[in-house]
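Engineer: What follows is model37.cif, made up of mmCIF, C-alpha atoms; chains and numbers go by the auth columns:
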data_target
#
loop_
_atom_site.group_PDB
_atom_site.id
_atom_site.type_symbol
_atom_site.label_atom_id
_atom_site.label_comp_id
_atom_site.label_asym_id
_atom_site.label_seq_id
_atom_site.Cartn_x
_atom_site.Cartn_y
_atom_site.Cartn_z
_atom_site.B_iso_or_equiv
_atom_site.auth_seq_id
_atom_site.auth_asym_id
ATOM 1 C CA MET A 1 -0.946 15.898 -5.396 0.00 16 A
ATOM 2 C CA LYS A 2 -1.421 12.351 -6.698 0.00 17 A
ATOM 3 C CA ARG A 3 0.768 9.295 -6.230 0.00 18 A
ATOM 4 C CA LEU A 4 0.149 6.061 -8.116 0.00 19 A
ATOM 5 C CA HIS A 5 -0.688 3.284 -5.652 0.00 20 A
ATOM 6 C CA LEU A 6 0.496 -0.287 -6.266 0.00 21 A
ATOM 7 C CA ALA A 7 -0.588 -3.041 -3.868 0.00 22 A
ATOM 8 C CA ILE A 8 1.217 -6.365 -4.244 0.00 23 A
ATOM 9 C CA SER A 9 0.818 -9.696 -2.469 0.00 24 A
ATOM 10 C CA THR A 10 3.808 -11.580 -1.076 0.00 25 A
ATOM 11 C CA ASN A 11 4.564 -14.699 0.912 0.00 26 A
ATOM 12 C CA LYS A 12 8.148 -13.553 1.581 0.00 27 A
ATOM 13 C CA ILE A 13 7.614 -10.263 3.347 0.00 28 A
ATOM 14 C CA GLU A 14 11.105 -9.867 4.856 0.00 29 A
ATOM 15 C CA GLU A 15 12.810 -10.614 1.534 0.00 30 A
ATOM 16 C CA THR A 16 10.380 -8.342 -0.315 0.00 31 A
ATOM 17 C CA ILE A 17 11.026 -5.488 2.111 0.00 32 A
ATOM 18 C CA LYS A 18 14.776 -5.777 1.511 0.00 33 A
ATOM 19 C CA ASP A 19 14.263 -5.945 -2.263 0.00 34 A
ATOM 20 C CA TYR A 20 11.832 -3.015 -2.495 0.00 35 A
ATOM 21 C CA THR A 21 13.858 -0.913 -0.053 0.00 36 A
ATOM 22 C CA SER A 22 16.781 -1.278 -2.438 0.00 37 A
ATOM 23 C CA ARG A 23 14.666 -0.630 -5.534 0.00 38 A
ATOM 24 C CA LEU A 24 12.933 2.440 -4.080 0.00 39 A
ATOM 25 C CA GLY A 25 16.009 3.791 -2.287 0.00 40 A
ATOM 26 C CA MET A 26 14.255 4.113 1.066 0.00 41 A
ATOM 27 C CA LYS A 27 12.922 2.071 3.985 0.00 42 A
ATOM 28 C CA PRO A 28 9.163 1.562 4.361 0.00 43 A
ATOM 29 C CA CYS A 29 7.360 4.352 6.184 0.00 44 A
ATOM 30 C CA SER A 30 5.031 1.804 7.770 0.00 45 A
ATOM 31 C CA PHE A 31 5.767 -1.796 8.678 0.00 46 A
ATOM 32 C CA VAL A 32 3.770 -4.489 10.466 0.00 47 A
ATOM 33 C CA PRO A 33 5.908 -7.582 11.139 0.00 48 A
ATOM 34 C CA ASN A 34 4.919 -10.600 9.026 0.00 49 A
ATOM 35 C CA GLU A 35 1.966 -8.693 7.522 0.00 50 A
ATOM 36 C CA TYR A 36 2.466 -5.401 5.693 0.00 51 A
ATOM 37 C CA ALA A 37 4.828 -2.655 4.518 0.00 52 A
ATOM 38 C CA LEU A 38 4.275 0.708 2.816 0.00 53 A
ATOM 39 C CA TRP A 39 6.601 3.034 0.910 0.00 54 A
ATOM 40 C CA ARG A 40 5.658 6.560 -0.155 0.00 55 A
ATOM 41 C CA THR A 41 8.008 8.162 -2.662 0.00 56 A
ATOM 42 C CA GLU A 42 7.461 11.438 -4.478 0.00 57 A
ATOM 43 C CA SER A 43 5.439 9.705 -7.191 0.00 58 A
ATOM 44 C CA LEU A 44 4.580 6.225 -5.850 0.00 59 A
ATOM 45 C CA ASN A 45 2.659 4.686 -2.973 0.00 60 A
ATOM 46 C CA VAL A 46 3.648 0.982 -2.843 0.00 61 A
ATOM 47 C CA SER A 47 2.324 -1.564 -0.373 0.00 62 A
ATOM 48 C CA ILE A 48 3.064 -5.231 0.100 0.00 63 A
ATOM 49 C CA ARG A 49 0.955 -7.589 2.158 0.00 64 A
ATOM 50 C CA GLN A 50 0.875 -11.217 3.170 0.00 65 A
ATOM 51 C CA ASP A 51 -2.542 -12.016 1.694 0.00 66 A
ATOM 52 C CA SER A 52 -3.746 -15.613 1.541 0.00 67 A
ATOM 53 C CA LYS A 53 -6.458 -14.548 -0.951 0.00 68 A
ATOM 54 C CA CYS A 54 -3.806 -13.678 -3.562 0.00 69 A
ATOM 55 C CA LYS A 55 -0.905 -15.547 -5.121 0.00 70 A
ATOM 56 C CA PRO A 56 2.579 -14.276 -4.195 0.00 71 A
ATOM 57 C CA GLY A 57 3.596 -11.470 -6.555 0.00 72 A
ATOM 58 C CA GLU A 58 0.020 -10.895 -7.652 0.00 73 A
ATOM 59 C CA LEU A 59 -1.341 -7.380 -8.018 0.00 74 A
ATOM 60 C CA ARG A 60 -3.875 -6.880 -5.218 0.00 75 A
ATOM 61 C CA HIS A 61 -5.125 -3.548 -6.577 0.00 76 A
ATOM 62 C CA LEU A 62 -4.090 -0.189 -8.042 0.00 77 A
ATOM 63 C CA GLY A 63 -5.138 3.288 -7.154 0.00 78 A
ATOM 64 C CA TRP A 64 -4.330 6.879 -6.396 0.00 79 A
ATOM 65 C CA GLU A 65 -3.185 8.486 -3.213 0.00 80 A
ATOM 66 C CA ASP A 66 -4.865 11.833 -3.839 0.00 81 A
ATOM 67 C CA SER A 67 -4.588 14.715 -1.389 0.00 82 A
ATOM 68 C CA GLU A 68 -7.962 15.969 -2.666 0.00 83 A
ATOM 69 C CA ALA A 69 -9.877 12.689 -2.168 0.00 84 A
ATOM 70 C CA PRO A 70 -12.923 13.557 -0.040 0.00 85 A
ATOM 71 C CA ALA A 71 -13.352 9.920 1.072 0.00 86 A
ATOM 72 C CA PHE A 72 -11.949 6.465 0.417 0.00 87 A
ATOM 73 C CA SER A 73 -13.480 5.018 -2.766 0.00 88 A
ATOM 74 C CA GLN A 74 -12.943 2.119 -5.102 0.00 89 A
ATOM 75 C CA ASP A 75 -14.222 0.835 -8.397 0.00 90 A
ATOM 76 C CA THR A 76 -13.312 -1.878 -10.871 0.00 91 A
ATOM 77 C CA ASP A 77 -12.033 -1.212 -14.381 0.00 92 A
ATOM 78 C CA THR A 78 -12.955 -3.090 -17.548 0.00 93 A
ATOM 79 C CA ASN A 79 -10.124 -5.594 -16.887 0.00 94 A
ATOM 80 C CA GLY A 80 -11.409 -6.495 -13.426 0.00 95 A
ATOM 81 C CA ILE A 81 -8.687 -4.520 -11.613 0.00 96 A
ATOM 82 C CA VAL A 82 -9.796 -2.764 -8.443 0.00 97 A
ATOM 83 C CA TRP A 83 -8.766 0.907 -8.304 0.00 98 A
ATOM 84 C CA GLU A 84 -8.811 2.765 -4.999 0.00 99 A
ATOM 85 C CA ARG A 85 -8.680 6.508 -4.337 0.00 100 A
ATOM 86 C CA PHE A 86 -7.756 7.855 -0.912 0.00 101 A
ATOM 87 C CA SER A 87 -5.822 10.559 0.913 0.00 102 A
ATOM 88 C CA ALA A 88 -2.685 9.789 2.910 0.00 103 A
ATOM 89 C CA GLN A 89 -4.680 10.196 6.132 0.00 104 A
ATOM 90 C CA GLN A 90 -7.460 7.888 4.933 0.00 105 A
ATOM 91 C CA GLN A 91 -4.827 5.236 4.168 0.00 106 A
ATOM 92 C CA ALA A 92 -3.250 5.761 7.610 0.00 107 A
ATOM 93 C CA ASP A 93 -6.670 5.329 9.237 0.00 108 A
ATOM 94 C CA GLU A 94 -7.160 2.040 7.358 0.00 109 A
ATOM 95 C CA ILE A 95 -3.696 0.766 8.338 0.00 110 A
ATOM 96 C CA ASN A 96 -4.259 1.666 11.991 0.00 111 A
ATOM 97 C CA GLU A 97 -7.706 0.060 12.000 0.00 112 A
ATOM 98 C CA LEU A 98 -6.303 -3.222 10.628 0.00 113 A
ATOM 99 C CA TRP A 99 -3.135 -3.102 12.740 0.00 114 A
ATOM 100 C CA PRO A 100 -3.507 -0.770 15.763 0.00 115 A
ATOM 101 C CA GLU A 101 0.095 -1.526 16.762 0.00 116 A
ATOM 102 C CA ALA A 102 1.266 0.170 13.555 0.00 117 A
ATOM 103 C CA ASN A 103 0.550 3.656 14.966 0.00 118 A
ATOM 104 C CA TYR A 104 1.143 4.980 11.458 0.00 119 A
ATOM 105 C CA GLU A 105 1.001 8.712 10.804 0.00 120 A
ATOM 106 C CA PRO A 106 1.702 9.984 7.260 0.00 121 A
ATOM 107 C CA VAL A 107 4.362 12.641 6.888 0.00 122 A
#
Could you write out this structure as structure tokens?

Structural biologist:
Amino acid sequence: MKRLHLAISTNKIEETIKDYTSRLGMKPCSFVPNEYALWRTESLNVSIRQDSKCKPGELRHLGWEDSEAPAFSQDTDTNGIVWERFSAQQQADEINELWPEANYEPV
């Protein structure tokens, strides 16, 4: 199964979490205070992150959560957009490496 992945930068993480929770109809499945949040719906994988390298609201990257991805990979398209491909577990491993306190396990 594939889910489209959208990664967006924010400088208002608490407000963005409230907004996206309303828009997506669910709370984030992973949350790191003042840093990061992740939602996984049936068709979307959406993350927000406080990222000083990006402007607020800027697309950080796109990608696919793909249950058949053998390993995390990324490439850049002709428009300069980074596309990632990863499984739910590979994403969880990345989250837990960056933020061990997250203790995130995909369902």

Engineer: Please write as a list of chain:residue names the full residue list that the PyMOL selection byres ((chain A and resi 29) around 12) yields on this file.

Structural biologist: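 Written out, the selection comes to A:Thr25, A:Asn26, A:Lys27, A:Ile28, A:Glu30, A:Thr31, A:Ile32, A:Lys33, A:Asp34, A:Tyr35, A:Thr36, A:Pro43, A:Phe46, A:Val47, A:Pro48, A:Asn49, A:Glu50, A:Tyr51, A:Ala52, A:Ile63, A:Arg64, A:Gln65.
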
Engineer: Run through the PyMOL selection byres ((chain A and resi 19) around 7) on the given coordinates and return the selected residues as a PyMOL selection string.

Structural biologist: chain A and resi 17-18+20-21+58-60+78-80

Engineer: Near Ala22 of chain A, counting all atoms listed in the file, which residues have an atom at most 8 Å away, once you skip same-chain residues fewer than 4 positions from it, shown as a list in words?

Structural biologist: Val61, Ser62, Ile63, Arg64, Leu74, Arg75, His76 and Leu77 of chain A

Engineer: Would you pick out the contacts of Ser102 of chain A at 10 Å or less, using all atoms listed in the file, so that residues sharing its chain but fewer than 3 positions from it are not included, and give the list as a list in words?

Structural biologist: Met16, Lys17, Arg18, Trp79, Glu80, Asp81, Ser82, Glu83, Ala84, Pro85, Ala86, Phe87, Gln105, Gln106, Ala107, Asp108 and Pro121 of chain A

Engineer: Report, in Å with one decimal, the straight-line distance from atom CA of Ser45 of chain A to atom CA of Glu116 of chain A.

Structural biologist: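 Taking atom CA of Ser45 of chain A as the start and atom CA of Glu116 of chain A as the end point, the length is 10.8 Å.
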
Engineer: Extending 6 Å beyond the listed atoms of segment 90-104 of chain A on each side, what axis-aligned box results? I want centre and edge lengths in Å to one decimal, as JSON.

Structural biologist:
{"center_x": -8.5, "center_y": 2.0, "center_z": -5.7, "size_x": 23.5, "size_y": 29.1, "size_z": 35.7}

Engineer: One decimal, in Å: what's the spacing between atom CA of Phe101 of chain A and atom CA of Arg55 of chain A?

Structural biologist: 13.5 Å

Engineer: Could you tell me how far atom CA of Gly40 of chain A lies from atom CA of Cys69 of chain A, in Å and to one decimal?

Structural biologist: 26.4 Å

Engineer: Which of these, A:Ile110, A:Val122, A:Ala117, A:Ile23, has the shortest distance to Asp66 of chain A once you count all atoms listed in the file?

Structural biologist: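 That would be A:Ile23, the residue with the smallest distance to Asp66 of chain A.
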